[in-house]
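Pasting protein-v5.cif here (mmCIF, C-alpha atoms and all ligand atoms):
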```cif
data_input
#
loop_
_atom_site.group_PDB
_atom_site.id
_atom_site.type_symbol
_atom_site.label_atom_id
_atom_site.label_comp_id
_atom_site.auth_asym_id
_atom_site.auth_seq_id
_atom_site.Cartn_x
_atom_site.Cartn_y
_atom_site.Cartn_z
ATOM 1 C CA MET A 1 -145.071 -38.630 25.014
ATOM 2 C CA SER A 2 -144.494 -36.650 28.224
ATOM 3 C CA LYS A 3 -143.702 -32.959 28.123
ATOM 4 C CA PRO A 4 -139.941 -32.340 27.734
ATOM 5 C CA GLU A 5 -138.206 -30.633 30.653
ATOM 6 C CA PRO A 6 -136.198 -27.475 29.932
ATOM 7 C CA THR A 7 -132.770 -28.640 28.856
ATOM 8 C CA VAL A 8 -129.604 -27.733 26.943
ATOM 9 C CA LEU A 9 -127.788 -30.519 25.125
ATOM 10 C CA HIS A 10 -124.308 -30.719 23.695
ATOM 11 C CA GLY A 11 -124.131 -32.344 20.275
ATOM 12 C CA ASP A 12 -124.760 -32.124 16.561
ATOM 13 C CA SER A 13 -128.386 -31.214 15.955
ATOM 14 C CA LEU A 14 -128.365 -33.140 12.689
ATOM 15 C CA VAL A 15 -127.721 -36.282 14.730
ATOM 16 C CA LEU A 16 -129.527 -35.470 17.998
ATOM 17 C CA ALA A 17 -132.778 -34.285 16.410
ATOM 18 C CA THR A 18 -134.129 -37.810 15.954
ATOM 19 C CA GLU A 19 -133.727 -38.423 19.696
ATOM 20 C CA LEU A 20 -135.575 -35.250 20.692
ATOM 21 C CA PRO A 21 -139.330 -35.173 21.389
ATOM 22 C CA GLN A 22 -141.109 -35.209 18.032
ATOM 23 C CA GLY A 23 -144.095 -33.002 17.216
ATOM 24 C CA GLN A 24 -143.925 -30.901 20.378
ATOM 25 C CA ALA A 25 -142.082 -27.652 19.662
ATOM 26 C CA ASP A 26 -144.323 -24.607 19.265
ATOM 27 C CA LEU A 27 -141.491 -22.449 17.957
ATOM 28 C CA ILE A 28 -138.130 -23.552 16.606
ATOM 29 C CA TYR A 29 -135.638 -20.726 16.198
ATOM 30 C CA LEU A 30 -132.567 -21.482 14.115
ATOM 31 C CA ASP A 31 -129.619 -19.099 14.107
ATOM 32 C CA PRO A 32 -127.117 -21.294 12.272
ATOM 33 C CA PRO A 33 -123.734 -20.306 10.860
ATOM 34 C CA PHE A 34 -124.247 -17.548 8.262
ATOM 35 C CA PHE A 35 -121.634 -18.739 5.722
ATOM 36 C CA THR A 36 -119.192 -15.991 6.718
ATOM 37 C CA ASN A 37 -116.250 -18.338 6.100
ATOM 38 C CA LYS A 38 -114.549 -16.932 9.173
ATOM 39 C CA ARG A 39 -113.399 -18.233 12.490
ATOM 40 C CA GLN A 40 -114.259 -15.698 15.157
ATOM 41 C CA ARG A 41 -112.497 -15.384 18.459
ATOM 42 C CA ASN A 42 -112.984 -12.342 20.624
ATOM 43 C CA ARG A 43 -111.336 -10.852 23.679
ATOM 44 C CA THR A 44 -113.287 -13.106 26.025
ATOM 45 C CA GLY A 45 -111.676 -16.186 24.433
ATOM 46 C CA HIS A 46 -114.934 -17.689 23.163
ATOM 47 C CA HIS A 47 -114.624 -18.877 19.614
ATOM 48 C CA TYR A 48 -116.997 -19.751 16.830
ATOM 49 C CA ASP A 49 -116.189 -21.465 13.551
ATOM 50 C CA ASP A 50 -118.164 -20.640 10.395
ATOM 51 C CA ARG A 51 -115.741 -21.961 7.752
ATOM 52 C CA TRP A 52 -116.857 -24.156 4.862
ATOM 53 C CA PRO A 53 -113.929 -25.675 2.986
ATOM 54 C CA GLY A 54 -116.412 -27.281 0.567
ATOM 55 C CA GLY A 55 -117.856 -23.861 -0.308
ATOM 56 C CA LEU A 56 -121.511 -23.033 -0.850
ATOM 57 C CA ALA A 57 -122.461 -26.611 -1.786
ATOM 58 C CA GLU A 58 -121.269 -27.886 1.601
ATOM 59 C CA TYR A 59 -123.025 -25.067 3.432
ATOM 60 C CA LEU A 60 -126.320 -25.576 1.606
ATOM 61 C CA ALA A 61 -126.231 -29.301 2.263
ATOM 62 C CA PHE A 62 -125.848 -28.491 5.985
ATOM 63 C CA LEU A 63 -128.692 -25.949 5.934
ATOM 64 C CA ARG A 64 -131.026 -28.366 4.178
ATOM 65 C CA LYS A 65 -130.218 -31.173 6.627
ATOM 66 C CA LEU A 66 -130.727 -28.840 9.591
ATOM 67 C CA LEU A 67 -134.170 -27.767 8.379
ATOM 68 C CA GLU A 68 -135.138 -31.352 7.597
ATOM 69 C CA ALA A 69 -133.999 -32.429 11.059
ATOM 70 C CA ALA A 70 -135.930 -29.599 12.732
ATOM 71 C CA ARG A 71 -139.314 -29.948 11.050
ATOM 72 C CA PRO A 72 -140.423 -33.244 12.674
ATOM 73 C CA LEU A 73 -139.911 -31.622 16.083
ATOM 74 C CA LEU A 74 -142.590 -29.011 15.344
ATOM 75 C CA SER A 75 -146.108 -29.371 16.691
ATOM 76 C CA ALA A 76 -148.933 -29.525 14.132
ATOM 77 C CA HIS A 77 -149.262 -25.739 14.098
ATOM 78 C CA GLY A 78 -145.779 -24.817 15.275
ATOM 79 C CA LEU A 79 -143.565 -22.246 13.608
ATOM 80 C CA LEU A 80 -139.981 -22.287 12.445
ATOM 81 C CA ALA A 81 -137.914 -19.080 12.366
ATOM 82 C CA LEU A 82 -134.677 -19.164 10.366
ATOM 83 C CA HIS A 83 -132.220 -16.328 11.021
ATOM 84 C CA LEU A 84 -129.621 -15.542 8.319
ATOM 85 C CA ASP A 85 -128.080 -12.510 6.653
ATOM 86 C CA TRP A 86 -127.298 -11.322 3.108
ATOM 87 C CA ARG A 87 -124.921 -14.209 2.533
ATOM 88 C CA ALA A 88 -127.502 -16.984 2.644
ATOM 89 C CA SER A 89 -130.970 -15.681 3.576
ATOM 90 C CA HIS A 90 -132.161 -16.110 -0.034
ATOM 91 C CA TRP A 91 -131.030 -19.748 -0.027
ATOM 92 C CA GLY A 92 -132.752 -20.250 3.310
ATOM 93 C CA ARG A 93 -136.046 -18.949 1.953
ATOM 94 C CA VAL A 94 -135.825 -21.310 -1.015
ATOM 95 C CA GLU A 95 -135.110 -24.278 1.260
ATOM 96 C CA LEU A 96 -138.029 -23.364 3.527
ATOM 97 C CA GLU A 97 -140.426 -23.105 0.597
ATOM 98 C CA ARG A 98 -139.208 -26.452 -0.672
ATOM 99 C CA LEU A 99 -139.738 -28.091 2.723
ATOM 100 C CA PHE A 100 -142.936 -26.389 3.959
ATOM 101 C CA GLY A 101 -144.457 -25.114 0.700
ATOM 102 C CA PRO A 102 -144.832 -21.416 -0.213
ATOM 103 C CA GLU A 103 -148.249 -21.238 1.490
ATOM 104 C CA ALA A 104 -146.548 -21.834 4.844
ATOM 105 C CA PHE A 105 -144.801 -18.460 4.673
ATOM 106 C CA VAL A 106 -145.754 -16.182 7.576
ATOM 107 C CA ASN A 107 -143.202 -13.354 7.723
ATOM 108 C CA GLU A 108 -139.831 -12.165 6.597
ATOM 109 C CA VAL A 109 -138.659 -10.168 9.598
ATOM 110 C CA ILE A 110 -135.886 -7.674 9.014
ATOM 111 C CA TRP A 111 -133.764 -7.030 12.078
ATOM 112 C CA ALA A 112 -132.050 -3.675 11.507
ATOM 113 C CA TYR A 113 -129.161 -2.514 13.698
ATOM 114 C CA ARG A 114 -126.372 0.052 13.703
ATOM 115 C CA THR A 115 -123.036 -1.596 14.332
ATOM 116 C CA GLY A 116 -119.755 -0.063 13.202
ATOM 117 C CA GLY A 117 -117.952 -0.969 10.008
ATOM 118 C CA GLY A 118 -118.803 -0.591 6.383
ATOM 119 C CA SER A 119 -117.378 -0.355 2.900
ATOM 120 C CA LYS A 120 -116.729 2.416 0.423
ATOM 121 C CA ARG A 121 -118.081 0.155 -2.334
ATOM 122 C CA HIS A 122 -121.653 -0.415 -1.142
ATOM 123 C CA LEU A 123 -124.300 0.613 1.374
ATOM 124 C CA ARG A 124 -123.713 -0.522 4.917
ATOM 125 C CA ARG A 125 -125.114 -4.014 5.365
ATOM 126 C CA LYS A 126 -126.926 -3.578 8.647
ATOM 127 C CA HIS A 127 -129.784 -6.004 8.735
ATOM 128 C CA ASP A 128 -130.428 -9.714 9.191
ATOM 129 C CA THR A 129 -133.452 -11.648 7.959
ATOM 130 C CA ILE A 130 -135.631 -14.008 9.978
ATOM 131 C CA HIS A 131 -137.889 -16.157 7.791
ATOM 132 C CA VAL A 132 -140.931 -17.440 9.669
ATOM 133 C CA PHE A 133 -142.824 -20.449 8.302
ATOM 134 C CA ALA A 134 -145.767 -22.301 9.869
ATOM 135 C CA ASN A 135 -146.288 -26.045 10.035
ATOM 136 C CA GLY A 136 -150.061 -25.623 9.883
ATOM 137 C CA PRO A 137 -152.667 -22.888 9.360
ATOM 138 C CA LYS A 138 -153.668 -22.525 13.042
ATOM 139 C CA TYR A 139 -150.333 -21.149 14.182
ATOM 140 C CA VAL A 140 -150.091 -18.667 17.073
ATOM 141 C CA PHE A 141 -149.768 -15.011 16.221
ATOM 142 C CA ASN A 142 -150.111 -12.373 18.924
ATOM 143 C CA PRO A 143 -150.519 -8.985 17.228
ATOM 144 C CA SER A 144 -148.888 -6.034 18.911
ATOM 145 C CA THR A 145 -148.411 -2.359 18.153
ATOM 146 C CA GLU A 146 -145.666 0.182 17.676
ATOM 147 C CA LYS A 147 -145.497 3.964 17.661
ATOM 148 C CA SER A 148 -146.003 5.608 14.309
ATOM 149 C CA ARG A 149 -144.630 9.174 14.386
ATOM 150 C CA LEU A 150 -146.691 11.987 12.896
ATOM 151 C CA ALA A 151 -145.398 15.246 11.470
ATOM 152 C CA HIS A 152 -148.399 17.127 12.890
ATOM 153 C CA HIS A 153 -151.626 16.665 14.887
ATOM 154 C CA TYR A 154 -154.195 17.970 12.415
ATOM 155 C CA GLY A 155 -156.026 16.301 9.530
ATOM 156 C CA PHE A 156 -156.619 12.950 11.241
ATOM 157 C CA THR A 157 -160.042 11.515 12.009
ATOM 158 C CA ASN A 158 -160.918 8.298 13.854
ATOM 159 C CA VAL A 159 -157.391 7.814 15.133
ATOM 160 C CA GLN A 160 -156.172 8.396 18.642
ATOM 161 C CA ILE A 161 -153.220 10.764 18.564
ATOM 162 C CA ARG A 162 -150.894 10.480 21.552
ATOM 163 C CA ASP A 163 -147.873 12.492 22.609
ATOM 164 C CA ASP A 164 -144.958 11.193 24.651
ATOM 165 C CA GLY A 165 -142.893 14.382 24.782
ATOM 166 C CA ASP A 166 -140.965 13.478 21.618
ATOM 167 C CA GLY A 167 -143.941 14.490 19.477
ATOM 168 C CA PRO A 168 -147.285 13.150 18.293
ATOM 169 C CA TYR A 169 -147.775 9.511 17.349
ATOM 170 C CA THR A 170 -150.447 6.910 16.772
ATOM 171 C CA LEU A 171 -150.263 3.220 17.598
ATOM 172 C CA SER A 172 -150.264 0.966 14.562
ATOM 173 C CA GLY A 173 -149.738 -2.750 14.005
ATOM 174 C CA LEU A 174 -146.169 -3.944 14.490
ATOM 175 C CA ARG A 175 -144.346 -4.101 11.145
ATOM 176 C CA ASP A 176 -141.876 -6.725 10.001
ATOM 177 C CA VAL A 177 -138.926 -4.324 10.244
ATOM 178 C CA TRP A 178 -137.503 -4.329 13.769
ATOM 179 C CA GLU A 179 -134.908 -1.785 14.754
ATOM 180 C CA ILE A 180 -133.292 -3.315 17.835
ATOM 181 C CA ALA A 181 -129.808 -2.452 19.077
ATOM 182 C CA ALA A 182 -127.152 -5.092 18.432
ATOM 183 C CA LEU A 183 -125.147 -6.203 21.471
ATOM 184 C CA ARG A 184 -122.044 -4.308 22.493
ATOM 185 C CA GLY A 185 -119.302 -5.335 24.869
ATOM 186 C CA ASN A 186 -120.442 -2.917 27.583
ATOM 187 C CA MET A 187 -124.006 -4.233 27.790
ATOM 188 C CA LYS A 188 -125.060 -6.170 30.883
ATOM 189 C CA GLU A 189 -126.442 -9.133 28.928
ATOM 190 C CA TRP A 190 -123.264 -9.550 26.842
ATOM 191 C CA VAL A 191 -121.547 -12.837 27.720
ATOM 192 C CA GLY A 192 -118.894 -12.598 25.030
ATOM 193 C CA TYR A 193 -120.108 -15.264 22.630
ATOM 194 C CA PRO A 194 -119.451 -14.223 19.020
ATOM 195 C CA THR A 195 -122.816 -13.870 17.199
ATOM 196 C CA GLN A 196 -124.749 -13.612 20.492
ATOM 197 C CA LYS A 197 -128.228 -12.208 19.790
ATOM 198 C CA PRO A 198 -130.016 -9.553 21.881
ATOM 199 C CA LEU A 199 -132.652 -10.694 24.358
ATOM 200 C CA ALA A 200 -134.952 -7.915 23.093
ATOM 201 C CA LEU A 201 -134.971 -9.511 19.639
ATOM 202 C CA MET A 202 -135.604 -12.993 20.990
ATOM 203 C CA CYS A 203 -138.335 -11.768 23.362
ATOM 204 C CA ARG A 204 -140.184 -10.005 20.553
ATOM 205 C CA LEU A 205 -140.090 -13.083 18.341
ATOM 206 C CA ILE A 206 -141.235 -15.395 21.124
ATOM 207 C CA GLU A 207 -144.017 -13.052 22.236
ATOM 208 C CA CYS A 208 -145.303 -12.646 18.666
ATOM 209 C CA PHE A 209 -145.427 -16.337 17.848
ATOM 210 C CA THR A 210 -146.005 -18.281 21.079
ATOM 211 C CA ASN A 211 -148.191 -18.247 24.183
ATOM 212 C CA PRO A 212 -147.026 -18.763 27.772
ATOM 213 C CA GLY A 213 -146.215 -22.414 28.443
ATOM 214 C CA ALA A 214 -145.166 -23.025 24.817
ATOM 215 C CA LEU A 215 -142.066 -25.066 24.033
ATOM 216 C CA VAL A 216 -139.359 -23.002 22.308
ATOM 217 C CA ALA A 217 -136.508 -24.990 20.769
ATOM 218 C CA ASP A 218 -133.214 -23.657 19.462
ATOM 219 C CA LEU A 219 -131.052 -26.213 17.665
ATOM 220 C CA CYS A 220 -128.072 -23.843 17.297
ATOM 221 C CA CYS A 221 -128.505 -22.195 20.675
ATOM 222 C CA GLY A 222 -125.012 -20.759 21.117
ATOM 223 C CA SER A 223 -124.865 -18.815 24.383
ATOM 224 C CA GLY A 224 -128.552 -19.540 25.016
ATOM 225 C CA SER A 225 -130.159 -16.146 24.270
ATOM 226 C CA THR A 226 -133.369 -17.784 23.011
ATOM 227 C CA LEU A 227 -133.578 -20.018 26.054
ATOM 228 C CA VAL A 228 -133.016 -17.159 28.499
ATOM 229 C CA ALA A 229 -135.707 -15.108 26.728
ATOM 230 C CA ALA A 230 -138.094 -18.083 26.733
ATOM 231 C CA ARG A 231 -137.584 -18.632 30.443
ATOM 232 C CA GLY A 232 -138.183 -14.942 31.192
ATOM 233 C CA LEU A 233 -141.458 -15.059 29.281
ATOM 234 C CA GLY A 234 -142.790 -18.187 30.975
ATOM 235 C CA ARG A 235 -142.149 -20.530 28.048
ATOM 236 C CA ARG A 236 -140.361 -23.903 28.197
ATOM 237 C CA TRP A 237 -137.111 -24.338 26.303
ATOM 238 C CA LEU A 238 -134.905 -26.880 24.625
ATOM 239 C CA GLY A 239 -131.429 -25.978 23.361
ATOM 240 C CA VAL A 240 -128.768 -27.856 21.404
ATOM 241 C CA ASP A 241 -125.318 -26.743 20.314
ATOM 242 C CA SER A 242 -122.325 -28.597 18.931
ATOM 243 C CA ASN A 243 -119.873 -26.275 20.712
ATOM 244 C CA ALA A 244 -119.257 -27.410 24.299
ATOM 245 C CA ASP A 245 -118.152 -23.903 25.275
ATOM 246 C CA ALA A 246 -121.491 -22.470 24.072
ATOM 247 C CA VAL A 247 -123.482 -25.059 26.018
ATOM 248 C CA LYS A 248 -121.513 -24.211 29.159
ATOM 249 C CA LEU A 249 -122.286 -20.524 28.668
ATOM 250 C CA ALA A 250 -125.969 -21.194 28.048
ATOM 251 C CA LEU A 251 -126.248 -23.354 31.165
ATOM 252 C CA SER A 252 -124.481 -20.724 33.216
ATOM 253 C CA ARG A 253 -126.841 -17.990 31.989
ATOM 254 C CA LEU A 254 -129.836 -20.192 32.747
ATOM 255 C CA SER A 255 -128.579 -20.961 36.242
ATOM 256 C CA HIS A 256 -128.790 -17.280 37.274
HETATM 257 C C1 LIG B 301 -124.911 -17.913 15.088
HETATM 258 S S1 LIG B 301 -124.457 -18.957 16.400
HETATM 259 C C2 LIG B 301 -125.852 -18.892 17.479
HETATM 260 C C3 LIG B 301 -125.790 -17.737 18.465
HETATM 261 C C4 LIG B 301 -126.934 -17.726 19.447
HETATM 262 N N1 LIG B 301 -128.181 -17.383 18.818
HETATM 263 C C5 LIG B 301 -126.650 -16.785 20.602
HETATM 264 O O1 LIG B 301 -127.429 -15.836 20.831
HETATM 265 O O2 LIG B 301 -125.641 -16.975 21.288
HETATM 266 C C6 LIG B 301 -124.605 -20.525 15.637
HETATM 267 C C7 LIG B 301 -124.396 -21.683 16.566
HETATM 268 O O3 LIG B 301 -124.667 -22.888 15.848
HETATM 269 C C8 LIG B 301 -123.840 -23.901 16.392
HETATM 270 N N2 LIG B 301 -123.821 -25.027 15.448
HETATM 271 C C9 LIG B 301 -123.256 -25.079 14.230
HETATM 272 N N3 LIG B 301 -123.484 -26.275 13.655
HETATM 273 C C10 LIG B 301 -124.243 -26.984 14.540
HETATM 274 C C11 LIG B 301 -124.800 -28.292 14.522
HETATM 275 N N4 LIG B 301 -124.632 -29.135 13.486
HETATM 276 N N5 LIG B 301 -125.510 -28.699 15.615
HETATM 277 C C12 LIG B 301 -125.676 -27.881 16.664
HETATM 278 N N6 LIG B 301 -125.166 -26.639 16.735
HETATM 279 C C13 LIG B 301 -124.446 -26.191 15.668
HETATM 280 C C14 LIG B 301 -122.514 -23.197 16.610
HETATM 281 O O4 LIG B 301 -121.709 -23.881 17.547
HETATM 282 C C15 LIG B 301 -122.974 -21.815 17.095
HETATM 283 O O5 LIG B 301 -122.984 -21.757 18.500
#
```
Hey, can you dump this file as structure tokens for me?
Amino acid sequence: MSKPEPTVLHGDSLVLATELPQGQADLIYLDPPFFTNKRQRNRTGHHYDDRWPGGLAEYLAFLRKLLEAARPLLSAHGLLALHLDWRASHWGRVELERLFGPEAFVNEVIWAYRTGGGSKRHLRRKHDTIHVFANGPKYVFNPSTEKSRLAHHYGFTNVQIRDDGDGPYTLSGLRDVWEIAALRGNMKEWVGYPTQKPLALMCRLIECFTNPGALVADLCCGSGSTLVAARGLGRRWLGVDSNADAVKLALSRLSH
């Protein structure tokens, strides 16, 4: 089968998946509805429906079908990243283990952010979870580093201590907890799509788990953040969304 051209399609991924190139995606990112049971519309007029009249059973049936539709698109050693939050991330992990097997688990990435809003009845819920599973053992992983702050310079041997003006630090392997700012209305990349994800988050995920030239697919692509990040990093992309408004936004972002 020839290599798929970068494209964004309008339609239901559960239906379209069988028509998409099979066995070719190096990374599939899924950012499906989170089971918020809300319809969001913001000032920009873009709307997004995450209501499930049939309750959790209906939602879980959708999630299972989405994962089952996505897996055949993966290359032999491709990876699937499923992004959810406290409402359904545990169900997502169970579904992934059922489909791929527990040995396929690669990472549970915690995306931590600091948006407004909270409750007096519990801690602020300010993280999402991205479960990463591999289709085969030879998956791509590009290790990278992050700054690890030190309280002082002394007492360390065999480590290079650096200083960037904010204090001493060493470089250590990137952890699975990523503090990345959530999007706000005054940010340049904000296109107004409810649930739009930051390019910094998508870039980090793509850089960690793919090489240049890889095919990155997003079957719930919304405003196209994954596709824009993939393009910027020299990867190919394939996006699908059932919301025509989202597809229009994604195509417009990709045309710039
Ligand atoms: C959380 S949003 C994705 C946001 C996206 N990551 C972004 O940065 O803009 C989930 C998306 O899944 C889409 N969606 C829901 N069910 C779908 C289905 N069966 N097939 C394709 N897309 C679907 C929605 O229209 C929505 O745009």
Can you translate the PyMOL selection byres (((chain A and resi 68) around 10) and not hetatm) into the concrete residues it hits in this file, as a PDB file with C-alpha atoms, keeping the file's coordinate frame?
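Result file result_12.pdb:
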```
ATOM      1  CA  LEU A  14    -128.365 -33.140  12.689  1.00  0.00           C
ATOM      2  CA  ALA A  17    -132.778 -34.285  16.410  1.00  0.00           C
ATOM      3  CA  PHE A  62    -125.848 -28.491   5.985  1.00  0.00           C
ATOM      4  CA  LEU A  63    -128.692 -25.949   5.934  1.00  0.00           C
ATOM      5  CA  ARG A  64    -131.026 -28.366   4.178  1.00  0.00           C
ATOM      6  CA  LYS A  65    -130.218 -31.173   6.627  1.00  0.00           C
ATOM      7  CA  LEU A  66    -130.727 -28.840   9.591  1.00  0.00           C
ATOM      8  CA  LEU A  67    -134.170 -27.767   8.379  1.00  0.00           C
ATOM      9  CA  ALA A  69    -133.999 -32.429  11.059  1.00  0.00           C
ATOM     10  CA  ALA A  70    -135.930 -29.599  12.732  1.00  0.00           C
ATOM     11  CA  ARG A  71    -139.314 -29.948  11.050  1.00  0.00           C
ATOM     12  CA  PRO A  72    -140.423 -33.244  12.674  1.00  0.00           C
ATOM     13  CA  LEU A  73    -139.911 -31.622  16.083  1.00  0.00           C
ATOM     14  CA  GLU A  95    -135.110 -24.278   1.260  1.00  0.00           C
ATOM     15  CA  LEU A  96    -138.029 -23.364   3.527  1.00  0.00           C
ATOM     16  CA  LEU A  99    -139.738 -28.091   2.723  1.00  0.00           C
ATOM     17  CA  PHE A 100    -142.936 -26.389   3.959  1.00  0.00           C
TER      18      PHE A 100
END
```
Query - Spatial neighbours of range 213-219 of chain A, max dist 10 Å, all atoms listed in the file, sep filter under 3 positions, as a ChimeraX atom specification - result: /A:3-9,11-14,16-17,24-32,66-67,69-70,73-75,78-81,206,209-210,222,224-227,229-231,233-242
Requested in this report: Would you list the contacts of range 187-195 of chain A as a PyMOL selection string, taking every protein, DNA or RNA residue within 12 Å and counting all atoms listed in the file, but skipping same-chain residues closer than 3 positions in sequence?
Outcome: chain A and resi 31-34+36+38-50+83-85+128+181-184+198-200+220-225+228-229+243+245-250+252-253+256
Report task. Determine the residue membership of the PyMOL selection byres (((chain A and resi 125) around 10) and not hetatm) for the file above and supply it as a list in words. Result -> Asp85, Trp86, Ala112, Tyr113, Arg114, Thr115, Gly117, Gly118, Ser119, His122, Leu123, Arg124, Lys126, His127 and Asp128 of chain A
Closest contacts (range 115-223 of chain A/range 102-105 of chain A, max 10 Å, only C-alpha atoms) as a tab-separated table:
```
residue	atom	partner	partner_atom	distance
A:His131	CA	A:Phe105	CA	7.9
A:Val132	CA	A:Phe105	CA	6.4
A:Phe133	CA	A:Phe105	CA	4.6
A:Ala134	CA	A:Ala104	CA	5.1
A:Asn135	CA	A:Ala104	CA	6.7
A:Gly136	CA	A:Ala104	CA	7.2
A:Pro137	CA	A:Ala104	CA	7.7
```
Report task. Can you work out the spacing between CA of Arg93 in chain A and atom C12 of ligand LIG 301 (chain B) in Å, to one decimal? Result ->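 Answer for the CA of Arg93 in chain A to atom C12 of ligand LIG 301 (chain B) separation: 20.1 Å.
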Report task. Work out how far apart CA of Tyr59 in chain A and atom O5 of ligand LIG 301 (chain B) are and give it in Å to one decimal. Result ->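 Atom O5 of ligand LIG 301 (chain B) lies at a distance of 15.4 Å from CA of Tyr59 in chain A.
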Query raised in the report: Between A:Leu201, A:Tyr139, A:Gly54, A:Thr170, which is the closest to Thr157 in chain A once you count all atoms listed in the file?
Result: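 Under the stated criterion, the closest residue is A:Thr170.
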Query raised in the report: How many Å separate CA of Ile130 in chain A from CA of Leu171 in chain A?
Result: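 A separation of 23.9 Å between them.
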Query raised in the report: Pick the closest to ligand LIG 301 (chain B) from A:Leu174, A:Ala88, A:Ala244, A:Cys203: which is it, counting only C-alpha atoms and all ligand atoms?
Result: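 The shortest atom-to-atom distance to ligand LIG 301 (chain B) comes from A:Ala244.
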